[in-house]
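Trainee: Have a peek at input_16.csv (CSV, C-alpha atoms).
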```
chain,number,residue,atom,x,y,z
A,1,MET,CA,4.4,157.3,-142.8
A,2,ILE,CA,4.9,153.9,-141.1
A,3,GLY,CA,3.9,154.1,-137.4
A,4,GLY,CA,1.9,157.3,-138.1
A,5,THR,CA,-0.4,156.9,-135.1
A,6,GLY,CA,2.3,156.5,-132.4
A,7,THR,CA,3.8,159.1,-130.0
A,8,LEU,CA,6.1,160.4,-132.6
A,9,GLY,CA,4.3,159.4,-135.8
A,10,ARG,CA,1.2,161.5,-135.2
A,11,HIS,CA,3.3,164.6,-134.8
A,12,VAL,CA,5.2,163.9,-138.0
A,13,VAL,CA,1.9,163.4,-139.9
A,14,ALA,CA,0.5,166.6,-138.6
A,15,ASP,CA,3.7,168.6,-139.3
A,16,LEU,CA,4.0,167.3,-142.9
A,17,GLU,CA,0.3,168.0,-143.5
A,18,GLY,CA,0.8,171.5,-142.2
A,19,ARG,CA,3.5,171.9,-144.8
A,20,GLY,CA,1.0,171.0,-147.5
A,21,HIS,CA,2.0,167.4,-148.1
A,22,ARG,CA,-0.4,164.5,-148.6
A,23,VAL,CA,0.4,161.9,-146.0
A,24,ARG,CA,-0.7,158.3,-145.6
A,25,ALA,CA,-0.5,157.0,-142.0
A,26,LEU,CA,0.3,153.3,-142.4
A,27,SER,CA,-0.1,150.8,-139.6
A,28,ARG,CA,-1.6,147.4,-138.9
A,29,GLY,CA,-4.7,149.1,-137.4
A,30,SER,CA,-5.2,151.6,-140.2
A,31,ALA,CA,-8.7,151.5,-141.8
A,32,GLU,CA,-7.6,153.0,-145.1
A,33,HIS,CA,-4.0,151.7,-145.4
A,34,PRO,CA,-3.4,148.6,-143.3
A,35,VAL,CA,0.1,147.1,-143.5
A,36,ASP,CA,2.1,144.5,-141.7
A,37,LEU,CA,5.8,144.7,-141.8
A,38,ARG,CA,6.2,141.2,-140.4
A,39,THR,CA,4.5,139.7,-143.4
A,40,GLY,CA,4.6,142.5,-146.0
A,41,ALA,CA,0.8,142.5,-146.3
A,42,GLY,CA,-0.6,145.6,-147.7
A,43,LEU,CA,2.7,147.3,-148.6
A,44,PRO,CA,2.4,147.4,-152.4
A,45,GLU,CA,-1.0,149.0,-152.4
A,46,ALA,CA,-0.2,151.4,-149.6
A,47,LEU,CA,3.1,152.6,-151.2
A,48,ALA,CA,1.7,153.2,-154.7
A,49,GLY,CA,2.4,156.7,-155.8
A,50,CYS,CA,4.5,157.6,-152.7
A,51,ALA,CA,7.7,159.7,-153.1
A,52,VAL,CA,9.0,159.5,-149.6
A,53,VAL,CA,8.5,157.0,-146.8
A,54,VAL,CA,9.2,157.8,-143.1
A,55,ASP,CA,9.5,154.7,-141.0
A,56,ALA,CA,8.8,155.3,-137.3
A,57,SER,CA,7.7,151.8,-136.6
A,58,ASN,CA,8.6,150.4,-133.2
A,59,ASP,CA,8.6,147.0,-131.5
A,60,GLN,CA,10.3,146.3,-128.1
A,61,SER,CA,9.1,142.7,-127.8
A,62,ARG,CA,11.2,139.6,-128.1
A,63,GLN,CA,10.2,139.5,-131.7
A,64,ALA,CA,11.4,143.0,-132.4
A,65,ALA,CA,13.9,141.9,-135.1
A,66,ARG,CA,11.0,140.5,-137.2
A,67,THR,CA,9.5,144.0,-137.4
A,68,LEU,CA,12.5,146.3,-137.3
A,69,VAL,CA,15.0,144.3,-139.3
A,70,ASP,CA,13.2,141.7,-141.5
A,71,GLY,CA,10.3,144.2,-141.8
A,72,THR,CA,12.6,146.9,-142.9
A,73,ARG,CA,13.9,144.7,-145.7
A,74,ARG,CA,10.4,143.9,-146.9
A,75,LEU,CA,9.5,147.6,-146.7
A,76,LEU,CA,12.5,148.7,-148.8
A,77,GLU,CA,11.8,146.0,-151.4
A,78,ALA,CA,8.2,147.3,-151.7
A,79,GLU,CA,9.4,150.9,-151.9
A,80,ALA,CA,11.9,150.1,-154.7
A,81,ALA,CA,9.1,148.4,-156.6
A,82,ALA,CA,6.8,151.4,-156.1
A,83,GLY,CA,9.5,153.9,-157.2
A,84,VAL,CA,9.9,155.6,-153.8
A,85,GLY,CA,12.9,158.0,-153.9
A,86,HIS,CA,13.7,158.6,-150.2
A,87,HIS,CA,13.5,156.3,-147.2
A,88,VAL,CA,13.7,158.1,-143.8
A,89,CYS,CA,14.5,155.7,-140.9
A,90,VAL,CA,13.8,156.9,-137.4
A,91,SER,CA,16.4,155.4,-135.0
A,92,VAL,CA,17.8,156.1,-131.5
A,93,LEU,CA,20.6,158.5,-130.6
A,94,GLY,CA,23.6,156.5,-129.3
A,95,CYS,CA,22.2,153.1,-130.3
A,96,GLY,CA,25.6,152.0,-131.6
A,97,ARG,CA,27.3,152.5,-128.2
A,98,VAL,CA,24.7,151.0,-125.8
A,99,PRO,CA,25.0,147.2,-125.5
A,100,ILE,CA,21.4,146.2,-124.9
A,101,GLY,CA,19.1,144.1,-127.0
A,102,TYR,CA,16.7,146.7,-128.4
A,103,PHE,CA,19.6,149.1,-129.4
A,104,ARG,CA,21.4,146.3,-131.1
A,105,THR,CA,18.3,145.6,-133.1
A,106,LYS,CA,18.1,149.2,-134.1
A,107,VAL,CA,21.7,149.0,-135.3
A,108,ARG,CA,20.7,146.0,-137.4
A,109,GLN,CA,17.8,147.9,-138.8
A,110,GLU,CA,20.1,150.8,-139.7
A,111,ALA,CA,22.3,148.3,-141.6
A,112,ALA,CA,19.3,147.0,-143.5
A,113,VAL,CA,18.6,150.5,-144.6
A,114,THR,CA,22.1,151.4,-145.6
A,115,GLU,CA,22.4,148.1,-147.6
A,116,GLY,CA,18.9,148.5,-149.2
A,117,PRO,CA,17.9,149.6,-152.7
A,118,VAL,CA,16.3,152.9,-151.8
A,119,PRO,CA,18.2,156.2,-151.1
A,120,TRP,CA,18.1,156.9,-147.4
A,121,THR,CA,18.5,159.2,-144.4
A,122,ILE,CA,18.7,157.8,-140.8
A,123,VAL,CA,17.5,160.2,-138.1
A,124,ARG,CA,18.8,159.3,-134.7
A,125,ALA,CA,16.6,160.9,-132.1
A,126,ALA,CA,17.2,161.2,-128.3
A,127,GLN,CA,14.6,159.9,-125.8
A,128,PHE,CA,11.3,161.8,-125.9
A,129,HIS,CA,10.0,163.9,-123.0
A,130,GLU,CA,6.9,161.7,-123.3
A,131,LEU,CA,9.0,158.5,-122.7
A,132,VAL,CA,10.9,160.1,-119.8
A,133,ALA,CA,7.7,161.2,-118.1
A,134,ALA,CA,6.1,157.8,-118.6
A,135,THR,CA,9.1,156.1,-117.0
A,136,LEU,CA,8.9,158.4,-114.0
A,137,GLY,CA,5.2,157.9,-113.5
A,138,GLY,CA,5.4,155.0,-111.0
A,139,PRO,CA,5.4,155.2,-107.2
A,140,VAL,CA,8.9,153.6,-107.1
A,141,LEU,CA,11.7,154.8,-109.3
A,142,PRO,CA,14.9,152.9,-109.6
A,143,LEU,CA,17.3,155.5,-111.1
A,144,PRO,CA,20.7,154.6,-112.6
A,145,ARG,CA,23.3,157.2,-113.3
A,146,VAL,CA,22.4,158.0,-116.9
A,147,LEU,CA,23.0,161.2,-118.9
A,148,LEU,CA,20.0,162.1,-121.1
A,149,GLN,CA,19.2,164.8,-123.6
A,150,PRO,CA,15.5,164.4,-124.0
A,151,VAL,CA,13.5,166.1,-126.7
A,152,ALA,CA,9.8,166.8,-127.2
A,153,ALA,CA,8.2,164.5,-129.7
A,154,ALA,CA,6.8,167.5,-131.5
A,155,ASP,CA,10.3,169.0,-131.9
A,156,ALA,CA,11.7,165.7,-133.2
A,157,ALA,CA,8.8,165.5,-135.6
A,158,ARG,CA,9.6,168.9,-137.0
A,159,ALA,CA,13.2,167.9,-137.7
A,160,ILE,CA,12.1,164.6,-139.3
A,161,ALA,CA,9.6,166.5,-141.5
A,162,GLU,CA,12.5,168.8,-142.7
A,163,VAL,CA,14.6,165.7,-143.5
A,164,ALA,CA,11.7,164.1,-145.4
A,165,GLU,CA,11.4,167.3,-147.6
A,166,ARG,CA,15.1,167.2,-148.6
A,167,PRO,CA,16.9,164.8,-150.9
A,168,ALA,CA,18.3,161.6,-149.3
A,169,ARG,CA,21.6,162.2,-147.6
A,170,ARG,CA,22.8,158.6,-147.4
A,171,GLY,CA,23.9,159.6,-143.9
A,172,TRP,CA,22.9,160.2,-140.4
A,173,VAL,CA,21.1,163.1,-138.7
A,174,GLU,CA,21.1,163.6,-135.0
A,175,VAL,CA,18.1,165.1,-133.1
A,176,ALA,CA,18.3,166.0,-129.4
A,177,GLY,CA,16.9,168.3,-126.8
A,178,PRO,CA,18.3,171.6,-125.5
A,179,GLU,CA,19.6,170.3,-122.2
A,180,VAL,CA,21.7,167.4,-120.9
A,181,ALA,CA,20.6,166.1,-117.5
A,182,ASP,CA,21.1,163.2,-115.2
A,183,ALA,CA,18.1,160.9,-114.9
A,184,ARG,CA,18.0,161.7,-111.2
A,185,ALA,CA,17.8,165.4,-111.9
A,186,LEU,CA,15.0,164.8,-114.3
A,187,ALA,CA,13.1,162.8,-111.6
A,188,ARG,CA,13.5,165.7,-109.2
A,189,THR,CA,12.1,168.0,-111.9
A,190,TRP,CA,9.2,165.7,-112.6
A,191,ARG,CA,8.3,165.5,-108.9
A,192,SER,CA,8.6,169.3,-108.5
A,193,VAL,CA,6.4,170.2,-111.4
A,194,THR,CA,3.8,167.5,-111.1
A,195,GLY,CA,3.6,167.5,-107.3
A,196,ARG,CA,3.6,163.7,-107.3
A,197,ARG,CA,5.5,161.7,-104.8
A,198,ALA,CA,7.7,158.7,-105.6
A,199,LEU,CA,10.3,156.6,-103.8
A,200,THR,CA,13.6,156.9,-105.6
A,201,PHE,CA,16.7,154.8,-105.1
A,202,PRO,CA,20.0,154.5,-107.0
A,203,VAL,CA,20.7,151.5,-109.2
A,204,PRO,CA,24.2,150.7,-110.2
A,205,LEU,CA,24.9,149.7,-113.8
A,206,PRO,CA,28.1,147.7,-114.1
A,207,GLY,CA,30.4,147.1,-117.0
A,208,ARG,CA,30.3,148.7,-120.4
A,209,LEU,CA,26.6,149.5,-120.2
A,210,GLY,CA,27.1,151.7,-117.1
A,211,ARG,CA,30.2,153.3,-118.5
A,212,GLU,CA,28.6,154.3,-121.7
A,213,LEU,CA,25.4,155.7,-120.1
A,214,ARG,CA,27.4,157.7,-117.6
A,215,ALA,CA,29.7,159.0,-120.3
A,216,GLY,CA,26.7,160.4,-122.3
A,217,ALA,CA,26.2,157.8,-125.0
A,218,LEU,CA,22.6,158.9,-125.3
A,219,THR,CA,23.5,162.6,-125.8
A,220,SER,CA,25.1,164.7,-128.6
A,221,VAL,CA,27.4,167.6,-128.3
A,222,ARG,CA,26.4,169.1,-131.6
A,223,PRO,CA,23.1,167.6,-132.8
A,224,ASP,CA,22.0,168.5,-136.4
A,225,HIS,CA,18.6,169.6,-135.0
A,226,GLN,CA,18.1,170.7,-131.4
A,227,GLY,CA,14.6,171.0,-129.9
A,228,SER,CA,13.6,174.1,-128.0
A,229,ALA,CA,11.4,172.7,-125.3
A,230,THR,CA,13.2,171.7,-122.1
A,231,PHE,CA,11.8,168.9,-119.9
A,232,THR,CA,10.6,171.5,-117.4
A,233,ALA,CA,8.8,173.6,-120.0
A,234,TRP,CA,7.3,170.5,-121.6
A,235,LEU,CA,5.9,169.4,-118.2
A,236,GLU,CA,4.5,172.9,-117.5
A,237,ARG,CA,2.8,173.2,-120.9
A,238,PRO,CA,-1.0,174.0,-120.7
```
Could you express the structure from this file as structure tokens?
Mentor:
Amino acid sequence: MIGGTGTLGRHVVADLEGRGHRVRALSRGSAEHPVDLRTGAGLPEALAGCAVVVDASNDQSRQAARTLVDGTRRLLEAEAAAGVGHHVCVSVLGCGRVPIGYFRTKVRQEAAVTEGPVPWTIVRAAQFHELVAATLGGPVLPLPRVLLQPVAAADAARAIAEVAERPARRGWVEVAGPEVADARALARTWRSVTGRRALTFPVPLPGRLGRELRAGALTSVRPDHQGSATFTAWLERP
């Protein structure tokens, strides 16, 4: 499991272990299995004996392509050498429609996977409740008109674990939450449940970016896996 200590990764690790699988959580900071996708350091040793690799690595810096694109190619080469039979890449729902830098990098990462030497499945997941709540956590909230279908990280992890247990599809799997909501409605929900105050104001998004986000580029009419926890229920959890 690449990125096994992150918001999503820790849930995937726990879910797979709960299903009886032996899981290695790989990251640069791992004491037992340190790896670095930007250099390839540690990959041969960490992947020895692994049957499936789930890649939930993330990088939103200006050097993201070094990790997500070049690093994916290094990872796949190491997997092929180690005899890994299934590569599960965690991507973003709608990344092919939204013209911003990070999403373009995710599309390039997907291309590296589909062109690589290891049988693969790509899981495109909607934004996590955790990310939405963190975005709404400030005292001032600029809110564009964006349709979202957020999903709890634990629900997404369950879907990813199921994908990892099955043979490689050489195709895409979509994961989204149970409800589609405008970002402004989510902000109202967040304020109502948490009792916190925030100054909100609308932000126009011009051009193709605005059109795609208003049209629901980050949502799915019929996702392959649909989470059960709404944003409200997730906020109200104990």
Trainee: Name the closest residue to A:Glu130 among the candidates A:Pro99, A:Gly6, A:Pro144, A:Pro167; distances are taken between atoms, counting all atoms listed in the file.
Mentor: A:Gly6
Trainee: Which residue out of A:Lys106, A:His21, A:Arg197, A:His33 has the minimum interatomic distance to A:Ala125 when all atoms listed in the file are used?
Mentor: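 Smallest distance to A:Ala125 is found for A:Lys106.
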Trainee: Hey, can you pull every residue with an atom no more than 10 Å from (11.0, 148.0, -153.7), using only C-alpha atoms, and send it as a PDB file with C-alpha atoms, in the coordinates of the input?
Mentor:
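Listed below is the output, selection06.pdb:
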```
ATOM      1  CA  LEU A  43       2.700 147.300-148.600  1.00  0.00           C
ATOM      2  CA  PRO A  44       2.400 147.400-152.400  1.00  0.00           C
ATOM      3  CA  LEU A  47       3.100 152.600-151.200  1.00  0.00           C
ATOM      4  CA  ARG A  73      13.900 144.700-145.700  1.00  0.00           C
ATOM      5  CA  ARG A  74      10.400 143.900-146.900  1.00  0.00           C
ATOM      6  CA  LEU A  75       9.500 147.600-146.700  1.00  0.00           C
ATOM      7  CA  LEU A  76      12.500 148.700-148.800  1.00  0.00           C
ATOM      8  CA  GLU A  77      11.800 146.000-151.400  1.00  0.00           C
ATOM      9  CA  ALA A  78       8.200 147.300-151.700  1.00  0.00           C
ATOM     10  CA  GLU A  79       9.400 150.900-151.900  1.00  0.00           C
ATOM     11  CA  ALA A  80      11.900 150.100-154.700  1.00  0.00           C
ATOM     12  CA  ALA A  81       9.100 148.400-156.600  1.00  0.00           C
ATOM     13  CA  ALA A  82       6.800 151.400-156.100  1.00  0.00           C
ATOM     14  CA  GLY A  83       9.500 153.900-157.200  1.00  0.00           C
ATOM     15  CA  VAL A  84       9.900 155.600-153.800  1.00  0.00           C
ATOM     16  CA  GLY A 116      18.900 148.500-149.200  1.00  0.00           C
ATOM     17  CA  PRO A 117      17.900 149.600-152.700  1.00  0.00           C
ATOM     18  CA  VAL A 118      16.300 152.900-151.800  1.00  0.00           C
TER      19      VAL A 118
END
```
Trainee: To one decimal in Å, tell me the separation between atom CA of A:Thr39 and atom CA of A:Ser57.
Mentor: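 Value for the atom CA of A:Thr39-atom CA of A:Ser57 distance: 14.2 Å.
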Trainee: So which residues are close to (12.0, 153.6, -140.6), meaning at most 8 Å away in the file's coordinates with all atoms listed in the file counted, and can you show them as a PyMOL selection string?
Mentor: chain A and resi 2+53-57+72+87-91+122
Trainee: Skip A:Glu165 itself and residues of its chain fewer than 5 positions away, then list as a list in words all residues within 12 Å of it, counting all atoms listed in the file.
Mentor: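 Surrounding residues, per the criterion: Val12, Asp15, Leu16, Glu17, Arg19, Gly20, His21, Ala51, Val52, Val53, Val54, Gly85, His86, His87, Val88, Thr121, Arg158, Ala159 and Ile160 of chain A.
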